[in-house]
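Read through the structure below, which is laid out as structure tokens, and then see the notes.
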Amino acid sequence: MSHSSSATARRSALAELVPFLRRLDWPAERERRLRGLLSFARLRSPHSRDLLGSVDLESFTEAGLPRLPPTSEAEPIHRFDEIVTDPRIPLDVVNEHIENLRSDTYLFGRFRALPTGESSGIREVFVYDWGDWTTFAAMANRWPVRAALAERHADPGTYVSVYADRATHISDTLQDVFTPPAGERGHRLPVTLPVETLVAELNRLQPTELSSYQSTVAVLTAEAIAGSLVIRPARVSTVGELLSEASRELVREAWGIEVTDTWGCTVSVYAFTYTTAQGMHLPEDLATVEPVDASVEPVALGQPASKIYVTNLYNMAQPLIRCEITDSMTVSDEPCPCGSAQRPAFDLRSRLDDVFAHEGGPTLRSLMVLFDALEIDRHVIDFQVHQAPRRADALVVSEGPVDLGAIDAELGRSLDAA
Ligand SMILES: [Zn+2]
């Protein structure tokens with residue numbers, strides 16, 4: 001099938017789907033999923049059995065969620081073995097898998113395991129069964145796919161991503177799910193490449209679509225404006241860090257387009273900008289989001305929340321019920337003007353962004369690279385990285401023997417690259 005006829009086929013398949021989507025009752029569908037999750041969790045997870053006790057799940061609705069105790073940021077890792085629904089995946093086994101992970105490999109051929117400290121600085125571990133991980137990847141890909149389809153280019157173009165090249169990092173791992181084989185259309189460049197090499201590779205590949213961390217895109221726009229990077233991407237997407245208004249403007253200046261910014265966390269949600277800087281769609285069909293204030297009282301829609309509780313409605317291996325995410329946002333009380341049934345959120349801010357925004361300080365190309373170096377060791381349970389004039393100081397809290405020399409060396413390598 002040629003590119004243009006396959007694009008036509010995709011569009012007509014989508015057109016047929018629209019009436020079905022309009023008939024879907026999303027709140028009812030979400031509650032059906034919620035009851036399914038809670039019932040399964042109570043049956044198979046010792047933690048959920050305690051948590052849910054004798055709650056009547058047959059008639060359970062979202063309105064009942066605030067009466068369930070929340071899951072603190074540290075709980076998924078501290079109570080890992082009681083939370084998971086499969087006795088084959090205690091934390092020891094999952095950690096050993098992570099430590100030996102060098103490629104796109106599933107634990108027991110089915111479980112995707114990821115360490116992360118993305119929102120809290122606490123080392124967390126998430127595990128997804130194969131089908132649920134595919135759902136996660138589909139969620140993380142659907143808005144970019146929608147954008148690509150909307151542009152109706154007959155030529156799919158060249159996609160280049162610049163992320164951590166570690167099998168344990170979500171930005172790398174997600175690309176193993178749907179990306180075409182290397183060399184066909186998608187190319188991955190490690191974010192740790194020296195800037196000159198990165199620029200040379202991008203000049204050679206001529207991406208029509210570029211995806212990377214916000215900080216890396218900022219570096220690349222500077223190279224484009226200086227004239228060393230000569231590419232014409234039709235789409236640029238960012239994830240992992242805070243996108244500043246200045247970086248947004250640099251993308252406009254360099255390539256004359258609006259950047260698609262993404263906010264995501266491994267607990268279950270990826271949200272995407274839909275027009276400009278204004279808002280991101282929350283995946284309301286796959287997760288419930290409860291905005292709360294600093295004293296964890298519910299916040300009305302349309303009001304700023306200091307954090308949210310997220311319930312992942314599709315991860316059956318590790319039920320994540322009312323998980324605390326310490327990013328602030330305002331969940332809209334209005335449906336999105338674009339017509340999507342997914343509610344938008346505004347003013348998303350990660351707590352980490354406050355910690356690491358150092359005006360006039362030295363530029364780190366990517367904090368994610370540093371976090372990666374700290375997340376690998378299973379005994380590191382919490383960490384902080386402090387930016388100093390000519391170095392980074394890392395504090396780690398450990399729960400067992402930690403090879404500090406190895407971490408130091410890894411951090412040094414990452415800093416050199418960052
Ligand atoms: Zn919208």
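Going through the structure tokens in order, the chains are called A, B, and so on, while each chain numbers its residues from 1 and the ligands are numbered from 1 in the order shown.
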
Return as a CSV table (one decimal) with C-alpha atoms, in the first residue's frame every polymer residue, whether protein, DNA or RNA, with at least one atom no more than 7 Å from an atom of ligand 1; count only C-alpha atoms and all ligand atoms.
chain,number,residue,atom,x,y,z
A,274,TYR,CA,-3.8,20.9,22.3
A,281,HIS,CA,-5.8,17.0,27.9
A,336,CYS,CA,-12.3,21.4,25.9
A,337,PRO,CA,-13.1,23.8,23.0
A,338,CYS,CA,-11.5,21.4,20.5
A,339,GLY,CA,-14.4,19.0,21.1
A,340,SER,CA,-12.4,16.3,22.9
A,344,PRO,CA,-8.1,19.9,29.9

Contact check, stretch 7-126 of chain A to stretch 300-323 of chain A, at most 12 Å, counting only C-alpha atoms, closest pairs as JSON lines:
{"residue": "A:Glu29", "atom": "CA", "partner": "A:Leu313", "partner_atom": "CA", "distance": 10.6}
{"residue": "A:Arg30", "atom": "CA", "partner": "A:Leu313", "partner_atom": "CA", "distance": 7.7}
{"residue": "A:Glu31", "atom": "CA", "partner": "A:Leu313", "partner_atom": "CA", "distance": 9.1}
{"residue": "A:Arg32", "atom": "CA", "partner": "A:Leu313", "partner_atom": "CA", "distance": 9.5}
{"residue": "A:Arg33", "atom": "CA", "partner": "A:Leu313", "partner_atom": "CA", "distance": 6.0}
{"residue": "A:Leu34", "atom": "CA", "partner": "A:Leu313", "partner_atom": "CA", "distance": 5.8}
{"residue": "A:Arg35", "atom": "CA", "partner": "A:Leu313", "partner_atom": "CA", "distance": 9.1}
{"residue": "A:Gly36", "atom": "CA", "partner": "A:Leu313", "partner_atom": "CA", "distance": 8.4}
{"residue": "A:Leu37", "atom": "CA", "partner": "A:Leu313", "partner_atom": "CA", "distance": 6.2}
{"residue": "A:Leu38", "atom": "CA", "partner": "A:Pro319", "partner_atom": "CA", "distance": 8.1}
{"residue": "A:Ser39", "atom": "CA", "partner": "A:Met316", "partner_atom": "CA", "distance": 10.4}
{"residue": "A:Phe40", "atom": "CA", "partner": "A:Met316", "partner_atom": "CA", "distance": 7.4}
{"residue": "A:Ala41", "atom": "CA", "partner": "A:Pro319", "partner_atom": "CA", "distance": 6.2}
{"residue": "A:Arg42", "atom": "CA", "partner": "A:Pro319", "partner_atom": "CA", "distance": 9.5}
{"residue": "A:Leu43", "atom": "CA", "partner": "A:Met316", "partner_atom": "CA", "distance": 11.2}
{"residue": "A:Arg44", "atom": "CA", "partner": "A:Ala317", "partner_atom": "CA", "distance": 9.2}
{"residue": "A:Ser45", "atom": "CA", "partner": "A:Pro319", "partner_atom": "CA", "distance": 7.9}
{"residue": "A:Pro46", "atom": "CA", "partner": "A:Pro319", "partner_atom": "CA", "distance": 10.9}
{"residue": "A:His47", "atom": "CA", "partner": "A:Pro319", "partner_atom": "CA", "distance": 9.4}
{"residue": "A:Ser48", "atom": "CA", "partner": "A:Pro319", "partner_atom": "CA", "distance": 7.9}
{"residue": "A:Arg49", "atom": "CA", "partner": "A:Pro319", "partner_atom": "CA", "distance": 11.3}
{"residue": "A:Leu51", "atom": "CA", "partner": "A:Ile321", "partner_atom": "CA", "distance": 9.7}
{"residue": "A:Leu52", "atom": "CA", "partner": "A:Ile321", "partner_atom": "CA", "distance": 10.5}
{"residue": "A:Glu62", "atom": "CA", "partner": "A:Thr311", "partner_atom": "CA", "distance": 10.3}
{"residue": "A:Gly64", "atom": "CA", "partner": "A:Arg322", "partner_atom": "CA", "distance": 11.5}
{"residue": "A:Leu65", "atom": "CA", "partner": "A:Arg322", "partner_atom": "CA", "distance": 7.8}
{"residue": "A:Pro66", "atom": "CA", "partner": "A:Arg322", "partner_atom": "CA", "distance": 8.4}
{"residue": "A:Arg67", "atom": "CA", "partner": "A:Arg322", "partner_atom": "CA", "distance": 10.4}
{"residue": "A:Leu68", "atom": "CA", "partner": "A:Arg322", "partner_atom": "CA", "distance": 7.9}
{"residue": "A:Pro69", "atom": "CA", "partner": "A:Arg322", "partner_atom": "CA", "distance": 7.5}
{"residue": "A:Pro70", "atom": "CA", "partner": "A:Arg322", "partner_atom": "CA", "distance": 4.9}
{"residue": "A:Thr71", "atom": "CA", "partner": "A:Cys323", "partner_atom": "CA", "distance": 4.6}
{"residue": "A:Ser72", "atom": "CA", "partner": "A:Cys323", "partner_atom": "CA", "distance": 6.2}
{"residue": "A:Glu73", "atom": "CA", "partner": "A:Cys323", "partner_atom": "CA", "distance": 6.8}
{"residue": "A:Ala74", "atom": "CA", "partner": "A:Cys323", "partner_atom": "CA", "distance": 9.7}
{"residue": "A:Glu75", "atom": "CA", "partner": "A:Cys323", "partner_atom": "CA", "distance": 8.7}
{"residue": "A:Pro76", "atom": "CA", "partner": "A:Leu320", "partner_atom": "CA", "distance": 7.7}
{"residue": "A:Ile77", "atom": "CA", "partner": "A:Gln318", "partner_atom": "CA", "distance": 10.7}
{"residue": "A:Arg79", "atom": "CA", "partner": "A:Gln318", "partner_atom": "CA", "distance": 10.7}
{"residue": "A:Phe80", "atom": "CA", "partner": "A:Gln318", "partner_atom": "CA", "distance": 8.1}
{"residue": "A:Asp81", "atom": "CA", "partner": "A:Gln318", "partner_atom": "CA", "distance": 9.4}
{"residue": "A:Glu82", "atom": "CA", "partner": "A:Gln318", "partner_atom": "CA", "distance": 9.4}
{"residue": "A:Ile83", "atom": "CA", "partner": "A:Gln318", "partner_atom": "CA", "distance": 6.0}
{"residue": "A:Val84", "atom": "CA", "partner": "A:Gln318", "partner_atom": "CA", "distance": 4.4}
{"residue": "A:Thr85", "atom": "CA", "partner": "A:Ala317", "partner_atom": "CA", "distance": 5.2}
{"residue": "A:Asp86", "atom": "CA", "partner": "A:Ala317", "partner_atom": "CA", "distance": 6.5}
{"residue": "A:Pro87", "atom": "CA", "partner": "A:Ala317", "partner_atom": "CA", "distance": 10.0}
{"residue": "A:Arg88", "atom": "CA", "partner": "A:Ala317", "partner_atom": "CA", "distance": 10.6}
{"residue": "A:Ile89", "atom": "CA", "partner": "A:Ala317", "partner_atom": "CA", "distance": 9.0}
{"residue": "A:Pro90", "atom": "CA", "partner": "A:Gln318", "partner_atom": "CA", "distance": 10.7}
{"residue": "A:Leu91", "atom": "CA", "partner": "A:Gln318", "partner_atom": "CA", "distance": 11.3}
{"residue": "A:Arg110", "atom": "CA", "partner": "A:Ala317", "partner_atom": "CA", "distance": 10.7}
{"residue": "A:Phe111", "atom": "CA", "partner": "A:Ala317", "partner_atom": "CA", "distance": 8.5}
{"residue": "A:Arg112", "atom": "CA", "partner": "A:Ala317", "partner_atom": "CA", "distance": 10.1}
{"residue": "A:Ala113", "atom": "CA", "partner": "A:Gln318", "partner_atom": "CA", "distance": 10.7}
{"residue": "A:Ser119", "atom": "CA", "partner": "A:Lys307", "partner_atom": "CA", "distance": 11.0}
{"residue": "A:Ser120", "atom": "CA", "partner": "A:Lys307", "partner_atom": "CA", "distance": 11.7}
{"residue": "A:Val125", "atom": "CA", "partner": "A:Gln318", "partner_atom": "CA", "distance": 10.1}
{"residue": "A:Phe126", "atom": "CA", "partner": "A:Gln318", "partner_atom": "CA", "distance": 7.4}

Go ahead and save the picked residues with C-alpha atoms, as a compact mmCIF listing (two decimals), in the first residue's frame.
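Output file selection08.txt follows:
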# COMPACT_ATOMS: atom_id res chain seq x y z
CA GLU A 29 -17.29 3.69 31.09
CA ARG A 30 -14.78 5.07 33.58
CA GLU A 31 -16.84 3.86 36.54
CA ARG A 32 -17.15 0.43 34.96
CA ARG A 33 -13.36 0.34 34.72
CA LEU A 34 -12.99 1.62 38.26
CA ARG A 35 -15.24 -1.13 39.67
CA GLY A 36 -13.34 -3.71 37.61
CA LEU A 37 -10.00 -2.49 38.93
CA LEU A 38 -11.10 -2.36 42.57
CA SER A 39 -12.73 -5.80 42.43
CA PHE A 40 -9.64 -7.39 40.87
CA ALA A 41 -7.33 -5.58 43.28
CA ARG A 42 -9.29 -6.73 46.34
CA LEU A 43 -9.19 -10.29 45.08
CA ARG A 44 -5.46 -10.41 44.30
CA SER A 45 -3.59 -7.67 46.17
CA PRO A 46 -3.17 -8.02 49.95
CA HIS A 47 -2.80 -4.23 50.26
CA SER A 48 -6.04 -3.57 48.39
CA ARG A 49 -7.80 -6.23 50.46
CA LEU A 51 -7.71 -0.91 51.87
CA LEU A 52 -11.09 -1.85 50.44
CA GLU A 62 -16.26 7.80 41.59
CA GLY A 64 -16.83 7.10 46.71
CA LEU A 65 -13.15 7.52 45.85
CA PRO A 66 -12.41 10.35 48.33
CA ARG A 67 -13.50 8.01 51.14
CA LEU A 68 -10.68 5.58 50.31
CA PRO A 69 -7.28 6.36 51.86
CA PRO A 70 -4.80 7.95 49.43
CA THR A 71 -1.53 6.30 48.43
CA SER A 72 1.45 8.47 49.38
CA GLU A 73 4.35 8.93 46.96
CA ALA A 74 6.52 6.50 48.90
CA GLU A 75 3.88 3.79 49.32
CA PRO A 76 4.06 2.09 45.91
CA ILE A 77 7.72 1.25 46.58
CA ARG A 79 4.52 -1.63 50.07
CA PHE A 80 5.34 -2.99 46.63
CA ASP A 81 5.05 -6.68 47.52
CA GLU A 82 1.62 -6.22 49.13
CA ILE A 83 0.31 -4.06 46.28
CA VAL A 84 1.16 -6.24 43.27
CA THR A 85 -1.45 -8.79 42.21
CA ASP A 86 0.97 -11.47 41.03
CA PRO A 87 3.14 -13.31 43.58
CA ARG A 88 5.85 -13.84 40.96
CA ILE A 89 6.84 -10.15 40.96
CA PRO A 90 8.01 -9.08 44.41
CA LEU A 91 10.29 -6.03 44.47
CA ARG A 110 5.24 -10.19 30.01
CA PHE A 111 5.95 -7.56 32.68
CA ARG A 112 7.36 -4.13 31.84
CA ALA A 113 9.24 -2.78 34.86
CA SER A 119 7.75 13.62 40.22
CA SER A 120 9.05 13.22 43.72
CA VAL A 125 9.26 1.22 40.60
CA PHE A 126 6.28 0.61 38.37

Q: May I have the residues within 8 Å of A:Arg235 as a PyMOL selection string, using only C-alpha atoms and disregarding those fewer than 3 positions away in the same chain?
A: chain A and resi 208-210+257-260

Export, as a PDB file, in the first residue's frame, the selected residues with C-alpha atoms.
ATOM      1  CA  THR A 208      10.128  16.285   9.873  1.00  0.00           C
ATOM      2  CA  GLU A 209       9.264  15.399  13.462  1.00  0.00           C
ATOM      3  CA  LEU A 210      11.547  15.929  16.452  1.00  0.00           C
ATOM      4  CA  ILE A 257       5.825  26.200  14.666  1.00  0.00           C
ATOM      5  CA  GLU A 258       4.163  25.611  18.035  1.00  0.00           C
ATOM      6  CA  VAL A 259       5.782  22.967  20.216  1.00  0.00           C
ATOM      7  CA  THR A 260       3.596  20.131  21.494  1.00  0.00           C
TER       8      THR A 260
END

**Q.** A:Leu220, A:Ser328, A:Glu58, A:Val177 ranked by distance to A:Val299, top pick (using only C-alpha atoms)
**A.**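 Of the candidates, the smallest distance to A:Val299 is held by A:Ser328.
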
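Across the structure, atom CA of A:Val160 and atom CA of A:Asn203 are spaced 11.2 Å apart.
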
Q: Please run DSSP on the backbone and report, as a PyMOL selection string, all residues within stretch 250-305 of chain A that come out as helix (DSSP H, G or I).
A: chain A and resi 250-255

Could you give me, as a CSV table (one decimal) with C-alpha atoms, in the first residue's frame, each residue of stretch 142-358 of chain A that DSSP assigns to strand (DSSP E or B) when run on this structure's backbone?
chain,number,residue,atom,x,y,z
A,159,TYR,CA,10.8,11.0,13.1
A,160,VAL,CA,13.9,11.6,15.3
A,161,SER,CA,13.8,11.3,19.0
A,162,VAL,CA,16.6,12.4,21.4
A,163,TYR,CA,16.3,10.8,24.8
A,186,GLY,CA,12.1,6.5,13.2
A,187,HIS,CA,15.6,7.3,14.4
A,188,ARG,CA,16.8,7.5,18.0
A,189,LEU,CA,19.7,9.6,19.1
A,190,PRO,CA,21.1,9.4,22.6
A,209,GLU,CA,9.3,15.4,13.5
A,210,LEU,CA,11.5,15.9,16.5
A,211,SER,CA,10.9,14.8,20.0
A,212,SER,CA,13.1,15.4,23.1
A,235,ARG,CA,6.3,19.0,14.5
A,236,VAL,CA,8.3,19.3,17.7
A,237,SER,CA,7.3,17.6,20.9
A,238,THR,CA,8.7,17.7,24.4
A,260,THR,CA,3.6,20.1,21.5
A,261,ASP,CA,4.4,19.9,25.2
A,262,THR,CA,3.6,16.8,27.2
A,263,TRP,CA,3.2,16.2,30.9
A,264,GLY,CA,3.4,12.6,32.0
A,265,CYS,CA,4.0,10.3,34.9
A,269,VAL,CA,-1.1,9.6,32.8
A,270,TYR,CA,0.2,11.5,29.7
A,271,ALA,CA,-1.3,14.8,28.9
A,272,PHE,CA,-0.7,16.9,25.7
A,273,THR,CA,-1.0,20.5,24.8
A,280,MET,CA,-3.3,19.7,28.2
A,281,HIS,CA,-5.8,17.0,27.9
A,287,ALA,CA,-7.4,7.5,34.9
A,288,THR,CA,-9.3,9.5,37.5
A,289,VAL,CA,-7.8,12.7,38.6
A,290,GLU,CA,-8.8,14.3,41.9
A,291,PRO,CA,-7.4,17.8,42.5
A,292,VAL,CA,-6.7,18.6,46.2
A,298,PRO,CA,-10.9,18.4,47.4
A,304,PRO,CA,-5.9,25.7,41.3
A,305,ALA,CA,-4.9,22.5,43.0
A,307,LYS,CA,-1.5,18.3,43.9
A,308,ILE,CA,-3.6,15.5,42.5
A,309,TYR,CA,-4.6,12.0,43.4
A,310,VAL,CA,-4.5,9.7,40.4
A,311,THR,CA,-6.2,6.3,40.1
A,312,ASN,CA,-4.8,4.2,37.2
A,323,CYS,CA,-1.7,7.9,44.1
A,324,GLU,CA,-0.4,11.2,45.2
A,325,ILE,CA,1.3,13.3,42.4
A,328,SER,CA,0.2,21.5,40.7
A,329,MET,CA,-2.5,22.2,38.1
A,330,THR,CA,-5.9,23.6,37.5
A,331,VAL,CA,-8.3,21.0,36.2
A,344,PRO,CA,-8.1,19.9,29.9
A,345,ALA,CA,-5.8,20.9,32.8
A,346,PHE,CA,-3.9,24.2,33.0
A,347,ASP,CA,-0.8,25.7,34.6
A,348,LEU,CA,0.8,22.3,35.2
A,349,ARG,CA,3.9,22.6,37.3

Q: Provide the atom CA of A:Ile170 to atom CA of A:Pro207 distance in Å, to one decimal place.
A: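 Separating atom CA of A:Ile170 from atom CA of A:Pro207 is a distance of 21.9 Å.
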
Shell of 8 Å around stretch 222-224 of chain A, only C-alpha atoms, local chain residues under 4 positions omitted, as an mmCIF file with N, CA and C atoms, in the first residue's frame:
data_model
loop_
_atom_site.group_PDB
_atom_site.id
_atom_site.type_symbol
_atom_site.label_atom_id
_atom_site.label_comp_id
_atom_site.auth_asym_id
_atom_site.auth_seq_id
_atom_site.Cartn_x
_atom_site.Cartn_y
_atom_site.Cartn_z
ATOM 1 N N VAL A 199 23.926 17.792 16.439
ATOM 2 C CA VAL A 199 23.598 18.719 15.352
ATOM 3 C C VAL A 199 23.932 18.088 14.000
ATOM 4 N N ALA A 218 15.622 23.206 23.806
ATOM 5 C CA ALA A 218 16.104 24.588 23.972
ATOM 6 C C ALA A 218 17.516 24.735 23.397
ATOM 7 N N SER A 228 23.873 26.666 12.844
ATOM 8 C CA SER A 228 24.604 25.397 12.693
ATOM 9 C C SER A 228 23.648 24.219 12.469
ATOM 10 N N LEU A 229 22.448 24.307 13.023
ATOM 11 C CA LEU A 229 21.460 23.248 12.801
ATOM 12 C C LEU A 229 20.478 23.734 11.737
ATOM 13 N N VAL A 230 20.454 23.011 10.606
ATOM 14 C CA VAL A 230 19.592 23.441 9.504
ATOM 15 C C VAL A 230 18.578 22.344 9.214
ATOM 16 N N ILE A 231 17.439 22.384 9.947
ATOM 17 C CA ILE A 231 16.366 21.414 9.730
ATOM 18 C C ILE A 231 15.043 22.180 9.667
ATOM 19 N N LEU A 250 11.444 30.277 21.442
ATOM 20 C CA LEU A 250 12.605 29.883 20.644
ATOM 21 C C LEU A 250 12.224 28.894 19.539
ATOM 22 N N ALA A 254 12.896 29.579 15.741
ATOM 23 C CA ALA A 254 13.770 28.688 14.977
ATOM 24 C C ALA A 254 13.042 28.035 13.813
#

Q. Taking only C-alpha atoms into account, which of A:Leu202, A:Asp104, A:Val217, A:Ile407 comes nearest A:Glu241?
A.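 Smallest distance to A:Glu241 is found for A:Val217.
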
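Distances to A:Thr134 were evaluated for A:Thr158, A:Gly109, A:Asp176, A:Thr216 using only C-alpha atoms, and the minimum falls at A:Asp176.
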